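Coordinates from run.tsv are shown below (TSV, C-alpha atoms).
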chain	number	residue	atom	x	y	z
A	1331	MET	CA	2.19	-18.73	7.12
A	1332	SER	CA	-1.44	-19.12	6.27
A	1333	GLU	CA	-2.49	-22.75	6.08
A	1334	ARG	CA	-4.36	-21.91	2.90
A	1335	PHE	CA	-1.10	-21.04	1.12
A	1336	ALA	CA	1.32	-23.32	2.99
A	1337	SER	CA	2.02	-25.48	-0.05
A	1338	LYS	CA	2.65	-22.47	-2.33
A	1339	SER	CA	6.14	-21.14	-2.99
A	1340	ASP	CA	6.94	-17.43	-3.02
A	1341	ASP	CA	7.13	-17.55	-6.81
A	1342	GLU	CA	3.71	-19.19	-7.01
A	1343	ILE	CA	2.21	-16.50	-4.76
A	1344	ASP	CA	3.83	-13.75	-6.87
A	1345	ASN	CA	2.61	-15.34	-10.11
A	1346	TRP	CA	-0.91	-15.67	-8.72
A	1347	ILE	CA	-0.86	-12.00	-7.71
A	1348	ARG	CA	0.48	-10.97	-11.13
A	1349	ASN	CA	-2.24	-13.01	-12.86
A	1350	HIS	CA	-4.90	-11.19	-10.84
A	1351	GLU	CA	-3.34	-7.84	-11.75
A	1352	ASP	CA	-3.07	-8.75	-15.44
A	1353	LYS	CA	-6.74	-9.77	-15.51
A	1354	GLY	CA	-7.90	-6.70	-13.56
A	1355	GLN	CA	-9.06	-8.88	-10.65
A	1356	THR	CA	-7.55	-6.73	-7.91
A	1357	GLN	CA	-10.71	-6.26	-5.88
A	1358	THR	CA	-11.28	-9.89	-4.96
A	1359	ASP	CA	-10.95	-11.58	-1.59
A	1360	LEU	CA	-8.40	-14.01	-3.03
A	1361	TYR	CA	-6.21	-11.18	-4.33
A	1362	ARG	CA	-6.29	-9.48	-0.93
A	1363	ALA	CA	-5.44	-12.78	0.80
A	1364	LEU	CA	-2.49	-13.27	-1.55
A	1365	ILE	CA	-1.21	-9.75	-0.82
A	1366	GLU	CA	-1.54	-10.40	2.91
A	1367	GLU	CA	0.33	-13.69	2.54
A	1368	ARG	CA	3.16	-12.01	0.64
A	1369	ASN	CA	3.32	-9.39	3.38
A	1370	ARG	CA	3.46	-12.09	6.10
A	1371	ARG	CA	6.32	-13.78	4.29
A	1372	HIS	CA	8.36	-10.74	3.32
A	1373	GLY	CA	7.22	-7.79	5.43
A	1374	HIS	CA	10.18	-8.10	7.82
A	1375	GLY	CA	8.12	-6.57	10.62
A	1376	LEU	CA	6.15	-4.16	8.43
A	1377	THR	CA	2.57	-5.40	8.64
A	1378	ILE	CA	-0.50	-4.37	6.74
A	1379	LYS	CA	-2.58	-4.38	9.92
A	1380	LYS	CA	-0.30	-2.02	11.89
A	1381	SER	CA	0.27	0.29	8.95
A	1382	MET	CA	-3.43	0.46	8.13
A	1383	ALA	CA	-4.20	1.46	11.72
A	1384	VAL	CA	-1.67	4.31	11.52
A	1385	LEU	CA	-2.86	5.48	8.12
A	1386	VAL	CA	-6.55	5.38	8.97
A	1387	ALA	CA	-5.90	7.34	12.19
A	1388	ALA	CA	-3.88	9.93	10.24
A	1389	ALA	CA	-6.57	10.20	7.55
A	1390	LYS	CA	-9.21	10.79	10.24
A	1391	ARG	CA	-7.02	13.64	11.56
A	1392	ARG	CA	-6.44	14.88	7.99
A	1393	GLN	CA	-2.67	14.52	8.42
A	1394	PHE	CA	0.11	13.12	6.31
A	1395	VAL	CA	2.45	10.38	7.58
A	1396	SER	CA	6.19	10.09	7.01
A	1397	TYR	CA	7.89	6.88	5.99
A	1398	GLY	CA	9.78	6.93	9.28
A	1399	GLU	CA	6.56	7.23	11.30
A	1400	LEU	CA	5.13	4.25	9.46
A	1401	ALA	CA	8.26	2.20	10.17
A	1402	GLU	CA	8.26	3.24	13.82
A	1403	ALA	CA	4.60	2.30	14.25
A	1404	ASN	CA	5.56	-1.20	13.08
A	1405	GLY	CA	8.47	-1.35	15.51
A	1406	VAL	CA	11.02	-1.41	12.68
A	1407	SER	CA	13.97	0.96	12.52
A	1408	TRP	CA	14.11	3.23	9.51
A	1409	THR	CA	17.48	1.78	8.48
A	1410	LYS	CA	15.84	-1.65	8.14
A	1411	ALA	CA	12.52	-0.43	6.75
A	1412	ARG	CA	13.67	1.99	4.08
A	1413	TYR	CA	14.55	-0.64	1.47
A	1414	ARG	CA	11.42	-2.68	2.19
A	1415	MET	CA	9.05	0.27	1.97
A	1416	ASN	CA	9.09	1.17	-1.73
A	1417	GLY	CA	9.16	-0.47	-5.13
A	1418	LYS	CA	7.26	-3.29	-6.71
A	1419	HIS	CA	6.10	-5.66	-3.96
A	1420	GLY	CA	7.36	-3.27	-1.29
A	1421	HIS	CA	5.32	-2.53	1.82
A	1422	LEU	CA	3.61	0.53	0.31
A	1423	ASP	CA	2.74	-1.51	-2.78
A	1424	ASP	CA	1.11	-4.15	-0.58
A	1425	LEU	CA	-0.81	-1.45	1.31
A	1426	LEU	CA	-1.97	0.08	-1.96
A	1427	ALA	CA	-3.20	-3.28	-3.22
A	1428	HIS	CA	-4.88	-3.98	0.12
A	1429	CYS	CA	-6.76	-0.66	0.08
A	1430	HIS	CA	-7.83	-1.10	-3.52
A	1431	SER	CA	-8.99	-4.67	-2.95
A	1432	LYS	CA	-11.27	-3.47	-0.14
A	1433	GLY	CA	-12.61	-0.49	-2.08
A	1434	LEU	CA	-10.93	1.97	0.29
A	1435	PRO	CA	-9.17	5.21	-0.59
A	1436	LEU	CA	-5.54	4.67	-1.55
A	1437	LEU	CA	-3.97	5.49	1.81
A	1438	THR	CA	-0.40	5.35	0.53
A	1439	ALA	CA	-1.18	8.73	-1.05
A	1440	ILE	CA	-0.74	10.31	2.39
A	1441	VAL	CA	2.71	8.78	3.01
A	1442	VAL	CA	5.32	11.41	2.20
A	1443	GLN	CA	8.86	12.40	3.10
A	1444	LYS	CA	9.29	13.97	6.54
A	1445	GLY	CA	10.04	17.39	5.05
A	1446	LYS	CA	6.75	17.33	3.09
A	1447	LEU	CA	4.37	16.55	5.98
A	1448	ALA	CA	2.92	20.08	5.96
A	1449	THR	CA	2.05	20.05	2.25
A	1450	GLY	CA	1.66	16.38	1.29
A	1451	GLU	CA	3.75	16.93	-1.82
A	1452	MET	CA	5.71	14.07	-3.31
A	1453	GLY	CA	8.99	14.42	-5.15
A	1454	GLN	CA	9.00	13.15	-8.72
A	1455	PHE	CA	10.65	9.80	-7.84
A	1456	THR	CA	8.10	9.16	-5.08
A	1457	LEU	CA	5.18	10.26	-7.24
A	1458	ASP	CA	6.38	8.00	-10.07
A	1459	GLY	CA	6.48	5.05	-7.64
A	1460	PHE	CA	2.99	5.79	-6.38
A	1461	VAL	CA	1.61	5.99	-9.93
A	1462	GLU	CA	3.38	2.77	-10.99
A	1463	GLY	CA	1.79	0.96	-8.05
A	1464	VAL	CA	-1.64	2.38	-8.85
A	1465	GLN	CA	-1.35	1.37	-12.49
A	1466	ARG	CA	-0.20	-2.14	-11.48
A	1467	ILE	CA	-3.54	-2.65	-9.71
A	1468	GLY	CA	-5.40	-1.48	-12.79
A	1469	VAL	CA	-6.20	2.16	-12.04
A	1470	LEU	CA	-5.80	4.55	-14.97
A	1471	VAL	CA	-3.78	7.70	-14.23
A	1472	THR	CA	-3.59	10.44	-16.85
A	1473	ASP	CA	-2.19	13.29	-14.70
A	1474	ALA	CA	-0.05	12.12	-11.79
A	1475	THR	CA	-0.18	15.30	-9.70
A	1476	THR	CA	-3.95	15.68	-10.05
A	1477	PHE	CA	-4.43	12.00	-9.27
A	1478	LEU	CA	-2.30	12.30	-6.12
A	1479	GLU	CA	-4.21	15.35	-4.92
A	1480	THR	CA	-7.55	13.64	-5.59
A	1481	SER	CA	-6.38	10.49	-3.79
A	1482	GLN	CA	-5.23	12.48	-0.77
A	1483	ARG	CA	-8.54	14.35	-0.62
A	1484	GLU	CA	-10.42	11.02	-0.83
A	1485	CYS	CA	-8.38	9.72	2.12
A	1486	PHE	CA	-9.26	12.76	4.21
A	1487	ASP	CA	-12.91	12.97	3.17
A	1488	PHE	CA	-13.76	9.27	3.50
A	1489	ASP	CA	-16.09	8.18	6.31
A	1490	TRP	CA	-13.65	6.08	8.34
A	1491	SER	CA	-16.13	5.23	11.08
A	1492	GLY	CA	-16.04	1.50	11.51
A	1493	HIS	CA	-12.45	1.24	10.28
A	1494	ALA	CA	-9.47	0.71	12.56
What does this structure look like when you write it as C-alpha cells?
Amino acid sequence: MSERFASKSDDEIDNWIRNHEDKGQTQTDLYRALIEERNRRHGHGLTIKKSMAVLVAAAKRRQFVSYGELAEANGVSWTKARYRMNGKHGHLDDLLAHCHSKGLPLLTAIVVQKGKLATGEMGQFTLDGFVEGVQRIGVLVTDATTFLETSQRECFDFDWSGHA
C-alpha cells in the first residue's frame, strides 16, 4: 500500500475517485495515483504496469490483445482473472482511467475476445462495457462503433517511442 494512502479505507479511495470523475478531473496526477492505489489493493495480480507494457507493445505492432493474453502476461490464470477484468472498477476500467489520466490513447480499445483478434471487433456486451468506462471518465461517445474504431486507430497510430 502506498504510504500516501495508508490511512484511507477502500471506500474513501473509491469516493475520492468518484468525486474526480463527477467533477471531470480525470487527467490529474492525484486521480491517476488513486487509480493505481485501487489497483494495488484489488488487482489480485493484475497490475497496471504489466498490462500497460503488453498493450503498448501490441499497439506498436498494430495488433489486438485477448483478455487471456493480458491475464497470462500478469501471471494470473484466466479462471481467476476473468471476473476481475471487466465492469466498473475492474482491471480494464483501471487501465482506461490510467491511459486517460496520462493523455494516452485508450489502450483497452485493443483488448478483444480471442476469436476477434483478427478484426478487433467487440461484441455488443463488450462494446457497452468499454463505452460505459469511457463515459465514466468524462469522454462523450455518440456512436459506440465509430468511437471504438477511432480509439483503436489512435492506439495503432500513436508515437509510442519513449513508452514501455
Spatial neighbours of A:Phe1394, 7 Å, only C-alpha atoms, chain gap at least 3 places, as number ranges by chain: A: 1388, 1440-1442, 1447, 1450
Any chance you can output those residues with C-alpha atoms as a PDB file, in the coordinates of the input?
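Everything below was put into part.pdb:
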ATOM      1  CA  ALA A1388      -3.880   9.930  10.240  1.00  0.00           C
ATOM      2  CA  ILE A1440      -0.740  10.310   2.390  1.00  0.00           C
ATOM      3  CA  VAL A1441       2.710   8.780   3.010  1.00  0.00           C
ATOM      4  CA  VAL A1442       5.320  11.410   2.200  1.00  0.00           C
ATOM      5  CA  LEU A1447       4.370  16.550   5.980  1.00  0.00           C
ATOM      6  CA  GLY A1450       1.660  16.380   1.290  1.00  0.00           C
TER       7      GLY A1450
END
Interatomic distance between atom CA of A:Lys1446 and atom CA of A:His1372? 28.1 Å
Atomic separation - atom CA of A:Glu1399 relative to atom CA of A:Ala1383, Å: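 One can read the atom CA of A:Ala1383 to atom CA of A:Glu1399 distance as 12.2 Å.
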Please provide as a ChimeraX atom specification all residues within 8 Å of stretch 1429-1431 of chain A, with the sequence filter that same-chain residues fewer than 5 positions apart are discarded (counting all atoms listed in the file). /A:1356-1359,1361-1362,1436-1437,1467
A:Leu1434 environment, 9 Å, all atoms listed in the file, sequence neighbours closer than 6 positions dropped, as a PyMOL selection string: chain A and resi 1428+1485+1488
Please report the interatomic distance between atom CA of A:Asn1369 and atom CA of A:Thr1475 in Å with one decimal.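 Rounded to one decimal, the two atoms are 28.2 Å apart.
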Among the residues A:Ala1448, A:Ile1365, A:Ala1389, A:Leu1360, the one that comes closest to A:Leu1422 [using only C-alpha atoms]: A:Ile1365
Pick the closest to A:Met1415 from A:Arg1334, A:Lys1353, A:Arg1348, A:His1374: which is it, counting only C-alpha atoms? A:His1374
Who sits within 10 Å of A:Asp1487, only C-alpha atoms, same chain under 6 positions skipped, as a list in words: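 Neighbouring residues, sequence-local ones excluded: Ala1389, Lys1390, Arg1392, Pro1435 and Ser1481 of chain A.
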For a cutoff of 12 Å around the file-coordinate point (-3.8, 1.4, 11.0), which residues qualify once you count only C-alpha atoms? I'd like the result as number ranges by chain. A: 1376-1390, 1395, 1399-1400, 1403-1404, 1425, 1429, 1437-1438, 1490, 1493-1494
Could you produce a table of the residues of stretch 1348-1430 of chain A lying within 10 Å of stretch 1337-1341 of chain A, with the nearest pair of atoms per residue and their separation in Å rounded to one decimal, using all atoms listed in the file, ordered by chain and increasing residue number, as CSV?
residue,atom,partner,partner_atom,distance
A:Glu1367,CA,A:Asp1340,CA,9.4
A:Arg1368,CA,A:Asp1340,CA,7.6
A:Arg1371,CA,A:Asp1340,CA,8.2
A:His1372,CA,A:Asp1340,CA,9.3
Minimum-distance residue to A:Asp1424, chosen among A:Lys1410, A:His1350, A:Arg1483, A:Arg1370 (using all atoms listed in the file):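 Checking each of A:Lys1410, A:His1350, A:Arg1483, A:Arg1370 against A:Asp1424, counting all atoms listed in the file, the winner is A:Arg1370.
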Using all atoms listed in the file, find the one residue out of A:Gly1417, A:Gly1375, A:Asp1344, A:Phe1335 that sits nearest to A:Gly1405.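 Selected residue with least distance to A:Gly1405: A:Gly1375.
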Which residue gives the smallest distance to A:Ala1427 among A:Glu1479, A:Asp1473, A:Glu1366, A:Glu1333, with all atoms listed in the file counted?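 So, comparing all the options, the nearest one is A:Glu1366.
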